[in-house]
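Shown next: entry-v6.cif, given as mmCIF, C-alpha atoms.
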data_my_file
loop_
_atom_site.label_atom_id
_atom_site.label_comp_id
_atom_site.auth_asym_id
_atom_site.auth_seq_id
_atom_site.Cartn_x
_atom_site.Cartn_y
_atom_site.Cartn_z
CA MET A 1003 -129.29 20.34 39.53
CA SER A 1004 -127.38 17.23 38.65
CA GLU A 1005 -124.83 17.44 35.88
CA ALA A 1006 -124.22 14.88 33.18
CA SER A 1007 -121.08 12.84 33.70
CA VAL A 1008 -118.02 14.11 31.87
CA ILE A 1009 -116.20 10.86 32.62
CA THR A 1010 -116.30 8.99 29.33
CA PRO A 1011 -115.88 5.21 29.01
CA GLU A 1012 -112.68 5.86 27.02
CA LEU A 1013 -111.18 7.69 30.01
CA GLU A 1014 -112.41 5.11 32.50
CA ALA A 1015 -110.74 2.40 30.45
CA LEU A 1016 -107.39 4.11 31.08
CA LEU A 1017 -107.62 3.88 34.86
CA ASN A 1018 -104.70 2.04 36.45
CA VAL A 1019 -103.22 0.97 33.13
CA ASP A 1020 -99.44 1.45 32.95
CA LEU A 1021 -98.54 3.26 29.75
CA GLY A 1022 -95.15 3.78 28.19
CA PRO A 1023 -92.30 3.64 28.49
CA ASP A 1024 -91.48 6.90 26.81
CA VAL A 1025 -87.69 6.91 26.66
CA TYR A 1026 -85.50 10.01 26.95
CA GLU A 1027 -81.74 10.19 26.45
CA ILE A 1028 -80.58 12.94 28.76
CA GLU A 1029 -78.14 15.11 26.86
CA LYS A 1030 -76.09 17.92 28.37
CA GLY A 1031 -77.74 20.35 25.99
CA MET A 1032 -81.21 19.38 27.23
CA LEU A 1033 -80.21 20.17 30.80
CA ARG A 1034 -78.61 23.46 29.80
CA LYS A 1035 -81.64 24.48 27.77
CA PHE A 1036 -83.98 23.64 30.62
CA ALA A 1037 -81.88 25.56 33.17
CA GLU A 1038 -81.75 28.54 30.78
CA ALA A 1039 -85.51 28.40 30.29
CA ILE A 1040 -86.22 28.50 34.03
CA GLU A 1041 -83.46 31.14 34.38
CA ASP A 1042 -81.74 29.30 37.20
CA PRO A 1043 -78.02 30.13 36.89
CA ASN A 1044 -76.80 27.44 39.32
CA PRO A 1045 -73.83 25.76 37.54
CA ARG A 1046 -74.88 22.47 39.10
CA TRP A 1047 -77.64 22.18 36.49
CA LEU A 1048 -75.09 21.74 33.71
CA ARG A 1049 -74.37 18.20 34.91
CA GLU A 1050 -77.43 17.33 36.96
CA ALA A 1051 -81.14 17.84 36.29
CA PRO A 1052 -82.76 20.72 38.16
CA PRO A 1053 -85.70 19.80 40.40
CA THR A 1054 -88.50 20.40 37.91
CA PHE A 1055 -86.70 18.86 34.93
CA PRO A 1056 -88.98 15.80 35.15
CA ALA A 1057 -91.62 18.11 33.63
CA ALA A 1058 -89.68 17.64 30.38
CA LEU A 1059 -89.84 13.85 30.71
CA VAL A 1060 -93.34 13.89 29.33
CA PRO A 1061 -95.34 10.68 29.71
CA ALA A 1062 -96.44 11.22 26.14
CA THR A 1063 -98.28 7.94 25.67
CA LEU A 1064 -100.59 8.65 28.61
CA LEU A 1065 -101.02 12.36 27.96
CA HIS A 1066 -101.81 11.84 24.30
CA LYS A 1067 -104.70 9.60 25.34
CA LEU A 1068 -105.84 11.85 28.20
CA PHE A 1069 -105.85 15.07 26.23
CA ASN A 1070 -107.11 13.76 22.91
CA THR A 1071 -109.92 11.52 24.10
CA PRO A 1072 -113.16 13.00 22.77
CA GLY A 1073 -115.36 14.54 25.42
CA PRO A 1074 -117.35 17.64 26.27
CA LEU A 1075 -114.52 19.51 28.05
CA LYS A 1076 -112.03 21.27 25.80
CA ARG A 1077 -109.91 23.42 28.08
CA LEU A 1078 -107.05 22.24 30.21
CA LEU A 1079 -105.08 23.50 33.20
CA ASN A 1080 -102.38 21.98 35.34
CA GLY A 1081 -103.70 21.54 38.89
CA ALA A 1082 -100.82 20.25 40.97
CA SER A 1083 -97.45 18.53 40.75
CA GLU A 1084 -95.52 16.45 43.21
CA LEU A 1085 -92.03 14.98 42.85
CA GLU A 1086 -90.01 12.62 44.96
CA TYR A 1087 -86.28 12.41 44.22
CA LEU A 1088 -84.66 9.02 44.76
CA ARG A 1089 -81.59 9.40 42.54
CA PRO A 1090 -80.20 12.31 40.57
CA ILE A 1091 -80.84 12.46 36.83
CA GLU A 1092 -77.58 13.27 35.07
CA ALA A 1093 -76.34 13.90 31.55
CA GLY A 1094 -75.83 10.53 29.88
CA ASP A 1095 -78.72 8.83 31.63
CA VAL A 1096 -81.44 7.10 29.66
CA ILE A 1097 -84.74 7.59 31.46
CA SER A 1098 -87.79 5.44 30.84
CA VAL A 1099 -91.03 7.09 31.83
CA THR A 1100 -94.10 5.05 32.65
CA ALA A 1101 -97.35 6.61 33.75
CA ARG A 1102 -100.88 5.78 34.74
CA LEU A 1103 -104.15 7.48 35.37
CA THR A 1104 -105.08 6.73 38.99
CA ARG A 1105 -108.31 8.60 39.59
CA LEU A 1106 -111.00 10.66 37.86
CA ARG A 1107 -113.13 13.10 39.76
CA GLN A 1108 -115.86 15.36 38.45
CA MET A 1109 -116.36 18.68 40.24
CA ALA A 1110 -119.09 21.27 39.79
CA GLY A 1111 -117.66 24.69 39.01
CA ARG A 1112 -118.94 28.17 38.29
CA GLU A 1113 -118.57 27.65 34.56
CA GLY A 1114 -119.91 24.10 34.55
CA PRO A 1115 -118.35 20.76 35.34
CA SER A 1116 -114.65 20.18 35.55
CA LEU A 1117 -112.76 16.94 35.52
CA PHE A 1118 -109.74 16.26 37.71
CA MET A 1119 -107.41 13.63 36.29
CA PHE A 1120 -104.88 12.27 38.77
CA THR A 1121 -101.75 10.67 37.32
CA GLU A 1122 -98.61 9.00 38.59
CA VAL A 1123 -95.28 8.84 36.79
CA THR A 1124 -92.16 6.75 37.38
CA CYS A 1125 -88.79 7.73 35.88
CA THR A 1126 -86.36 4.81 35.79
CA ASN A 1127 -82.73 5.11 34.69
CA GLN A 1128 -80.66 2.79 32.49
CA ARG A 1129 -79.56 0.78 35.56
CA GLY A 1130 -83.18 0.01 36.44
CA GLU A 1131 -83.12 2.38 39.41
CA VAL A 1132 -86.11 4.60 40.04
CA ALA A 1133 -84.82 8.18 39.88
CA VAL A 1134 -88.04 10.12 40.35
CA ARG A 1135 -91.64 9.38 41.23
CA GLY A 1136 -94.15 12.02 40.37
CA LYS A 1137 -97.82 12.82 40.61
CA ASN A 1138 -99.67 15.34 38.54
CA THR A 1139 -103.26 16.54 38.51
CA TYR A 1140 -104.69 17.83 35.25
CA ILE A 1141 -107.97 19.72 35.13
CA LYS A 1142 -110.24 19.70 32.11
CA TYR A 1143 -113.00 22.28 32.17
CA MET B 1241 -72.22 32.14 46.85
CA THR B 1242 -74.13 32.14 50.10
CA LYS B 1243 -72.82 30.24 53.08
CA GLN B 1244 -73.87 26.63 53.60
CA VAL B 1245 -76.93 26.29 55.81
CA TYR B 1246 -76.69 23.59 58.50
CA TYR B 1247 -79.37 21.67 60.37
CA GLU B 1248 -78.34 23.40 63.58
CA ASP B 1249 -78.96 26.83 62.00
CA ILE B 1250 -82.67 26.36 61.42
CA GLU B 1251 -85.81 26.21 63.55
CA ALA B 1252 -89.48 25.83 62.78
CA GLY B 1253 -90.49 29.26 61.49
CA SER B 1254 -87.10 30.08 59.94
CA ASP B 1255 -87.58 32.00 56.69
CA LEU B 1256 -85.81 31.11 53.46
CA PRO B 1257 -84.32 34.05 51.56
CA GLY B 1258 -86.98 35.24 49.12
CA LEU B 1259 -86.67 35.15 45.34
CA VAL B 1260 -88.42 37.41 42.83
CA LYS B 1261 -88.79 36.34 39.20
CA TYR B 1262 -90.20 38.26 36.25
CA PRO B 1263 -91.32 35.90 33.47
CA THR B 1264 -91.75 37.29 29.98
CA THR B 1265 -93.53 35.77 26.98
CA MET B 1266 -90.07 34.99 25.63
CA GLN B 1267 -89.28 32.99 28.74
CA LEU B 1268 -92.52 31.06 28.34
CA VAL B 1269 -91.58 30.25 24.74
CA LYS B 1270 -88.17 29.04 25.94
CA TYR B 1271 -89.84 26.99 28.64
CA ALA B 1272 -92.30 25.53 26.13
CA GLY B 1273 -89.37 24.41 23.99
CA ALA B 1274 -87.33 23.05 26.88
CA SER B 1275 -90.22 21.17 28.48
CA GLY B 1276 -92.19 20.14 25.41
CA ASP B 1277 -95.34 21.81 26.78
CA TYR B 1278 -96.61 23.66 23.74
CA TYR B 1279 -100.13 24.35 25.02
CA GLN B 1280 -100.97 27.68 23.36
CA ILE B 1281 -102.32 29.38 26.49
CA HIS B 1282 -98.67 29.98 27.39
CA TYR B 1283 -97.62 31.98 24.31
CA ASP B 1284 -100.59 32.68 22.01
CA LYS B 1285 -102.55 35.60 23.47
CA ASP B 1286 -105.53 35.22 21.11
CA PHE B 1287 -105.81 31.55 21.99
CA ALA B 1288 -105.51 32.30 25.72
CA VAL B 1289 -108.19 35.00 25.59
CA ALA B 1290 -110.50 32.75 23.56
CA ASN B 1291 -110.08 30.24 26.40
CA GLY B 1292 -111.33 32.78 28.92
CA LEU B 1293 -107.92 33.70 30.29
CA PRO B 1294 -106.77 37.30 30.79
CA GLY B 1295 -103.78 36.72 28.48
CA VAL B 1296 -100.95 34.24 28.24
CA ILE B 1297 -100.29 32.63 31.59
CA VAL B 1298 -97.16 31.20 33.18
CA HIS B 1299 -96.82 27.41 33.11
CA GLY B 1300 -97.53 26.01 36.57
CA TRP B 1301 -94.36 23.94 36.24
CA LEU B 1302 -92.34 27.09 35.53
CA ALA B 1303 -93.66 28.80 38.66
CA LEU B 1304 -92.83 25.62 40.58
CA SER B 1305 -89.34 25.78 39.06
CA PHE B 1306 -88.92 29.17 40.72
CA LEU B 1307 -89.86 27.62 44.06
CA GLY B 1308 -87.38 24.84 43.34
CA GLN B 1309 -84.66 27.44 42.78
CA LEU B 1310 -85.60 29.16 46.02
CA VAL B 1311 -85.02 25.88 47.85
CA THR B 1312 -81.86 24.71 46.05
CA ASP B 1313 -80.24 28.18 46.33
CA TRP B 1314 -80.81 27.95 50.08
CA LEU B 1315 -79.70 24.31 50.38
CA GLY B 1316 -76.36 24.86 48.68
CA GLU B 1317 -74.14 21.94 47.67
CA GLY B 1318 -74.38 20.32 51.09
CA GLY B 1319 -78.14 19.85 51.27
CA ALA B 1320 -80.49 17.74 49.19
CA LEU B 1321 -84.02 18.20 47.96
CA LEU B 1322 -85.99 15.02 48.58
CA LYS B 1323 -89.54 16.07 47.74
CA LEU B 1324 -91.14 19.07 46.04
CA SER B 1325 -94.79 19.74 45.41
CA GLY B 1326 -96.97 22.60 44.27
CA SER B 1327 -100.67 23.32 43.81
CA TYR B 1328 -101.49 25.83 41.11
CA ARG B 1329 -104.20 27.93 42.74
CA GLY B 1330 -104.14 31.09 40.69
CA ILE B 1331 -102.86 32.65 37.54
CA ASN B 1332 -99.45 34.18 37.08
CA ARG B 1333 -99.42 36.55 34.13
CA VAL B 1334 -96.34 37.50 32.15
CA HIS B 1335 -94.52 40.78 32.77
CA GLU B 1336 -95.40 40.66 36.45
CA ASP B 1337 -93.29 39.76 39.45
CA ILE B 1338 -93.64 36.30 40.92
CA ILE B 1339 -92.62 36.64 44.53
CA CYS B 1340 -91.35 33.35 45.96
CA ASN B 1341 -91.03 32.64 49.66
CA GLY B 1342 -90.64 29.74 52.01
CA LYS B 1343 -90.22 28.82 55.61
CA VAL B 1344 -89.29 25.84 57.74
CA VAL B 1345 -92.36 24.10 59.14
CA LYS B 1346 -90.48 21.55 61.21
CA LYS B 1347 -87.09 19.91 61.59
CA TYR B 1348 -86.65 16.26 62.53
CA VAL B 1349 -84.26 13.36 62.41
CA GLU B 1350 -85.35 10.25 60.53
CA ASP B 1351 -83.21 7.21 59.67
CA GLY B 1352 -80.17 9.17 60.81
CA LYS B 1353 -80.89 12.02 58.38
CA ASN B 1354 -81.37 15.64 59.38
CA LEU B 1355 -84.57 16.62 57.62
CA ALA B 1356 -86.76 19.67 57.37
CA ARG B 1357 -90.20 20.20 55.98
CA LEU B 1358 -90.72 23.49 54.18
CA GLU B 1359 -93.78 25.47 53.22
CA LEU B 1360 -93.40 27.35 49.94
CA TRP B 1361 -95.53 29.87 48.15
CA ALA B 1362 -95.50 32.14 45.13
CA GLU B 1363 -97.46 35.38 45.03
CA ASN B 1364 -98.47 37.72 42.24
CA PRO B 1365 -98.21 41.50 42.74
CA ALA B 1366 -101.81 41.56 44.03
CA GLY B 1367 -100.65 39.42 46.94
CA GLU B 1368 -102.58 36.33 45.83
CA ARG B 1369 -100.87 33.03 46.48
CA THR B 1370 -100.83 31.51 43.01
CA VAL B 1371 -98.77 28.46 43.95
CA THR B 1372 -98.60 26.83 47.36
CA GLY B 1373 -96.15 24.05 47.87
CA THR B 1374 -94.10 21.95 50.21
CA ALA B 1375 -90.63 20.48 50.19
CA VAL B 1376 -88.72 17.96 52.24
CA VAL B 1377 -84.97 18.51 52.40
CA SER B 1378 -81.97 17.01 54.14
CA LEU B 1379 -79.34 19.30 55.60
CA PRO B 1380 -75.75 18.71 56.65
CA SER B 1381 -74.88 18.81 60.36
CA ARG B 1382 -72.11 20.79 62.01
CA GLY B 1383 -71.61 17.82 64.34
#

Could you render the structure from this file as structure tokens?
Amino acid sequence: MSEASVITPELEALLNVDLGPDVYEIEKGMLRKFAEAIEDPNPRWLREAPPTFPAALVPATLLHKLFNTPGPLKRLLNGASELEYLRPIEAGDVISVTARLTRLRQMAGREGPSLFMFTEVTCTNQRGEVAVRGKNTYIKY
Amino acid sequence: MTKQVYYEDIEAGSDLPGLVKYPTTMQLVKYAGASGDYYQIHYDKDFAVANGLPGVIVHGWLALSFLGQLVTDWLGEGGALLKLSGSYRGINRVHEDIICNGKVVKKYVEDGKNLARLELWAENPAGERTVTGTAVVSLPSRG
């Protein structure tokens, strides 16, 4: 049985469009709060961002569009994350986050169709250096 | 602190010291605040159940953070994490152990750097691998 497409024109229009930047001033308190939340006591994370801190550098412009675009699928899960570290993110940095939707893929699941949304994120510091490149897969179902 | 691990100390198949975490709903609330991910499946049980989940579930990013800690604890100050990835394959519930493990898949020299590729995984108490991941790290040399 073929399923109706869950890939709406609104989502397709987002493909390969760079969105942002969403700008974050990295304060010491942000790093401390993040390290406390993940319960990683390494004192290094008081001055430098822990590995998954880029999760807090939300590409809000892209995600707002991805998650709020009308469509038949209402539920959301995180599918996968990937980070490449080029330079440390430290307290005092100003990070600009740009992001794009790179691929949409519909999958048939037990409970009906699901939609995999593949994204890429670039975190650039105030000197114009790329600090982190990331990929994330979101699943709507 | 543990002793610094060196490139010469490891081989393909070397295990990383394991790490066990025990996330609570309170931790998920803290993580929601620190990360900005306020999706209700991570702290609102009624919402989670209405979404077909067994209860509130641990953020995939938080479980990956535990794998990140596993790696950076092992690397010490002398090593560097270059890449980290995770696939969220199953559900981690709150008030359950998340058992984190890793091992060296291969070691190699590239552009004069001593690198290792790691396989990482997180299990729930039922023994299901809820997150599988990889990392690439550089290690200092004794040489």

Pull out every residue that the PyMOL selection byres ((chain B and resi 1296) around 8) matches in the shown coordinates and put them as a list in words. Thr1265, Ile1281, His1282, Tyr1283, Asp1284, Lys1285, Ala1288, Val1289, Leu1293, Pro1294, Gly1295, Ile1297, Val1298, Arg1333 and Val1334 of chain B

Export C-alpha atoms of the chosen residues as an mmCIF file, in the coordinates of the input?
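Saved the output as again_5.cif:
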data_model
loop_
_atom_site.group_PDB
_atom_site.id
_atom_site.type_symbol
_atom_site.label_atom_id
_atom_site.label_comp_id
_atom_site.auth_asym_id
_atom_site.auth_seq_id
_atom_site.Cartn_x
_atom_site.Cartn_y
_atom_site.Cartn_z
ATOM 1 C CA THR B 1265 -93.530 35.770 26.980
ATOM 2 C CA ILE B 1281 -102.320 29.380 26.490
ATOM 3 C CA HIS B 1282 -98.670 29.980 27.390
ATOM 4 C CA TYR B 1283 -97.620 31.980 24.310
ATOM 5 C CA ASP B 1284 -100.590 32.680 22.010
ATOM 6 C CA LYS B 1285 -102.550 35.600 23.470
ATOM 7 C CA ALA B 1288 -105.510 32.300 25.720
ATOM 8 C CA VAL B 1289 -108.190 35.000 25.590
ATOM 9 C CA LEU B 1293 -107.920 33.700 30.290
ATOM 10 C CA PRO B 1294 -106.770 37.300 30.790
ATOM 11 C CA GLY B 1295 -103.780 36.720 28.480
ATOM 12 C CA ILE B 1297 -100.290 32.630 31.590
ATOM 13 C CA VAL B 1298 -97.160 31.200 33.180
ATOM 14 C CA ARG B 1333 -99.420 36.550 34.130
ATOM 15 C CA VAL B 1334 -96.340 37.500 32.150
#

Taking the file as shown, find all residues satisfying the PyMOL selection byres ((chain A) within 7 of (chain B)) and write them as a PyMOL selection string. chain A and resi 1035-1036+1039-1040+1042+1053-1054+1057-1058+1080-1087

Residue list as a PyMOL selection string for point (-104.6, 17.8, 33.5), cut-off 6 Å, all atoms listed in the file: chain A and resi 1079-1080+1119+1139-1141

Glu1014 (chain A) environment, 12 Å, all atoms listed in the file, sequence neighbours closer than 5 positions dropped, as a compact mmCIF listing (two decimals) with C-alpha atoms, in the coordinates of the input:
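What landed in part.txt:
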# COMPACT_ATOMS: atom_id res chain seq x y z
CA SER A 1007 -121.08 12.84 33.70
CA VAL A 1008 -118.02 14.11 31.87
CA ILE A 1009 -116.20 10.86 32.62
CA VAL A 1019 -103.22 0.97 33.13
CA LYS A 1067 -104.70 9.60 25.34
CA LEU A 1068 -105.84 11.85 28.20
CA THR A 1071 -109.92 11.52 24.10
CA ARG A 1102 -100.88 5.78 34.74
CA LEU A 1103 -104.15 7.48 35.37
CA THR A 1104 -105.08 6.73 38.99
CA ARG A 1105 -108.31 8.60 39.59
CA LEU A 1106 -111.00 10.66 37.86
CA ARG A 1107 -113.13 13.10 39.76
CA MET A 1119 -107.41 13.63 36.29

Can you spell out as a PyMOL selection string the set of residues that the PyMOL selection byres ((chain B and resi 1350-1367) around 8) selects in the structure I just provided? chain B and resi 1247+1303+1307+1332+1336-1349+1368-1381

Expressed in Å, the length from CA of Trp1047 (chain A) to CA of His1066 (chain A) is 29.0 Å

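Residues of protein, DNA or RNA having at least one counted atom within 12 Å of (-72.8, 19.8, 31.4), given all atoms listed in the file, are A:Ile1028, A:Glu1029, A:Lys1030, A:Gly1031, A:Met1032, A:Leu1033, A:Arg1034, A:Lys1035, A:Phe1036, A:Ala1037, A:Asn1044, A:Pro1045, A:Arg1046, A:Trp1047, A:Leu1048, A:Arg1049, A:Glu1050, A:Ala1051, A:Glu1092, A:Ala1093, A:Gly1094.
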
Please produce a file of those selected residues containing C-alpha atoms, as an mmCIF file, in the frame of the given file.
data_model
loop_
_atom_site.group_PDB
_atom_site.id
_atom_site.type_symbol
_atom_site.label_atom_id
_atom_site.label_comp_id
_atom_site.auth_asym_id
_atom_site.auth_seq_id
_atom_site.Cartn_x
_atom_site.Cartn_y
_atom_site.Cartn_z
ATOM 1 C CA ILE A 1028 -80.580 12.940 28.760
ATOM 2 C CA GLU A 1029 -78.140 15.110 26.860
ATOM 3 C CA LYS A 1030 -76.090 17.920 28.370
ATOM 4 C CA GLY A 1031 -77.740 20.350 25.990
ATOM 5 C CA MET A 1032 -81.210 19.380 27.230
ATOM 6 C CA LEU A 1033 -80.210 20.170 30.800
ATOM 7 C CA ARG A 1034 -78.610 23.460 29.800
ATOM 8 C CA LYS A 1035 -81.640 24.480 27.770
ATOM 9 C CA PHE A 1036 -83.980 23.640 30.620
ATOM 10 C CA ALA A 1037 -81.880 25.560 33.170
ATOM 11 C CA ASN A 1044 -76.800 27.440 39.320
ATOM 12 C CA PRO A 1045 -73.830 25.760 37.540
ATOM 13 C CA ARG A 1046 -74.880 22.470 39.100
ATOM 14 C CA TRP A 1047 -77.640 22.180 36.490
ATOM 15 C CA LEU A 1048 -75.090 21.740 33.710
ATOM 16 C CA ARG A 1049 -74.370 18.200 34.910
ATOM 17 C CA GLU A 1050 -77.430 17.330 36.960
ATOM 18 C CA ALA A 1051 -81.140 17.840 36.290
ATOM 19 C CA GLU A 1092 -77.580 13.270 35.070
ATOM 20 C CA ALA A 1093 -76.340 13.900 31.550
ATOM 21 C CA GLY A 1094 -75.830 10.530 29.880
#

Using Å and a single decimal, report how far CA of Ala1133 (chain A) sits from CA of Asp1020 (chain A).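 Distance reported for this atom pair: 17.5 Å.
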
Could you state the separation of CA of Val1096 (chain A) and CA of Val1060 (chain A) in Å, given to one decimal place? 13.7 Å

A:Ala1062, A:Met1109, A:Ile1097, A:Ala1006: which is nearest Cys1125 (chain A), counting only C-alpha atoms? A:Ile1097

If you count only C-alpha atoms, the residue of B:Gly1383, B:Val1260, B:Ile1331, B:Leu1315 closest to Gln1244 (chain B) turns out to be B:Leu1315

For each of A:Leu1117, A:Val1025, A:Leu1064, A:Leu1088, take the minimum atom-to-atom distance to Ala1101 (chain A), counting all atoms listed in the file, then give the residue where this is smallest.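 Checking each of A:Leu1117, A:Val1025, A:Leu1064, A:Leu1088 against Ala1101 (chain A), counting all atoms listed in the file, the winner is A:Leu1064.
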
Would you please work out which residue, of A:Glu1113, A:Phe1120, A:Thr1126, A:Glu1005, is nearest to Tyr1026 (chain A) when using only C-alpha atoms?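 Checking each of A:Glu1113, A:Phe1120, A:Thr1126, A:Glu1005 against Tyr1026 (chain A), counting only C-alpha atoms, the winner is A:Thr1126.
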
Fix up region 1035-1057 of chain A with N, CA and C atoms, then write it as a CSV table (one decimal), in the coordinates of the input.
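Below is the file result.csv, written as the result:
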chain,number,residue,atom,x,y,z
A,1035,LYS,N,-80.5,23.8,28.3
A,1035,LYS,CA,-81.6,24.5,27.8
A,1035,LYS,C,-82.7,24.6,28.8
A,1036,PHE,N,-82.9,23.6,29.6
A,1036,PHE,CA,-84.0,23.6,30.6
A,1036,PHE,C,-83.6,24.7,31.7
A,1037,ALA,N,-82.3,24.6,32.1
A,1037,ALA,CA,-81.9,25.6,33.2
A,1037,ALA,C,-82.0,27.0,32.7
A,1038,GLU,N,-81.6,27.2,31.4
A,1038,GLU,CA,-81.8,28.5,30.8
A,1038,GLU,C,-83.2,29.0,30.7
A,1039,ALA,N,-84.1,28.0,30.4
A,1039,ALA,CA,-85.5,28.4,30.3
A,1039,ALA,C,-86.1,28.8,31.6
A,1040,ILE,N,-85.7,28.1,32.7
A,1040,ILE,CA,-86.2,28.5,34.0
A,1040,ILE,C,-85.4,29.6,34.6
A,1041,GLU,N,-84.3,30.0,33.9
A,1041,GLU,CA,-83.5,31.1,34.4
A,1041,GLU,C,-82.9,30.9,35.8
A,1042,ASP,N,-82.4,29.7,36.0
A,1042,ASP,CA,-81.7,29.3,37.2
A,1042,ASP,C,-80.2,29.2,36.9
A,1043,PRO,N,-79.4,30.1,37.3
A,1043,PRO,CA,-78.0,30.1,36.9
A,1043,PRO,C,-77.1,29.2,37.7
A,1044,ASN,N,-77.6,28.4,38.5
A,1044,ASN,CA,-76.8,27.4,39.3
A,1044,ASN,C,-76.0,26.5,38.4
A,1045,PRO,N,-74.7,26.6,38.5
A,1045,PRO,CA,-73.8,25.8,37.5
A,1045,PRO,C,-74.0,24.3,37.7
A,1046,ARG,N,-74.6,23.9,38.8
A,1046,ARG,CA,-74.9,22.5,39.1
A,1046,ARG,C,-75.8,21.9,38.0
A,1047,TRP,N,-76.6,22.7,37.4
A,1047,TRP,CA,-77.6,22.2,36.5
A,1047,TRP,C,-77.0,21.9,35.1
A,1048,LEU,N,-75.7,22.1,35.0
A,1048,LEU,CA,-75.1,21.7,33.7
A,1048,LEU,C,-74.8,20.2,33.7
A,1049,ARG,N,-74.7,19.6,34.9
A,1049,ARG,CA,-74.4,18.2,34.9
A,1049,ARG,C,-75.5,17.4,35.5
A,1050,GLU,N,-76.4,18.0,36.2
A,1050,GLU,CA,-77.4,17.3,37.0
A,1050,GLU,C,-78.8,18.0,36.7
A,1051,ALA,N,-79.8,17.2,36.6
A,1051,ALA,CA,-81.1,17.8,36.3
A,1051,ALA,C,-81.6,18.7,37.4
A,1052,PRO,N,-82.1,19.9,37.1
A,1052,PRO,CA,-82.8,20.7,38.2
A,1052,PRO,C,-84.1,20.1,38.6
A,1053,PRO,N,-84.6,20.5,39.8
A,1053,PRO,CA,-85.7,19.8,40.4
A,1053,PRO,C,-86.9,19.6,39.5
A,1054,THR,N,-87.3,20.6,38.7
A,1054,THR,CA,-88.5,20.4,37.9
A,1054,THR,C,-88.2,19.8,36.5
A,1055,PHE,N,-87.0,19.4,36.3
A,1055,PHE,CA,-86.7,18.9,34.9
A,1055,PHE,C,-87.6,17.7,34.6
A,1056,PRO,N,-88.1,16.9,35.5
A,1056,PRO,CA,-89.0,15.8,35.2
A,1056,PRO,C,-90.2,16.3,34.4
A,1057,ALA,N,-90.5,17.6,34.5
A,1057,ALA,CA,-91.6,18.1,33.6
A,1057,ALA,C,-91.3,17.9,32.1
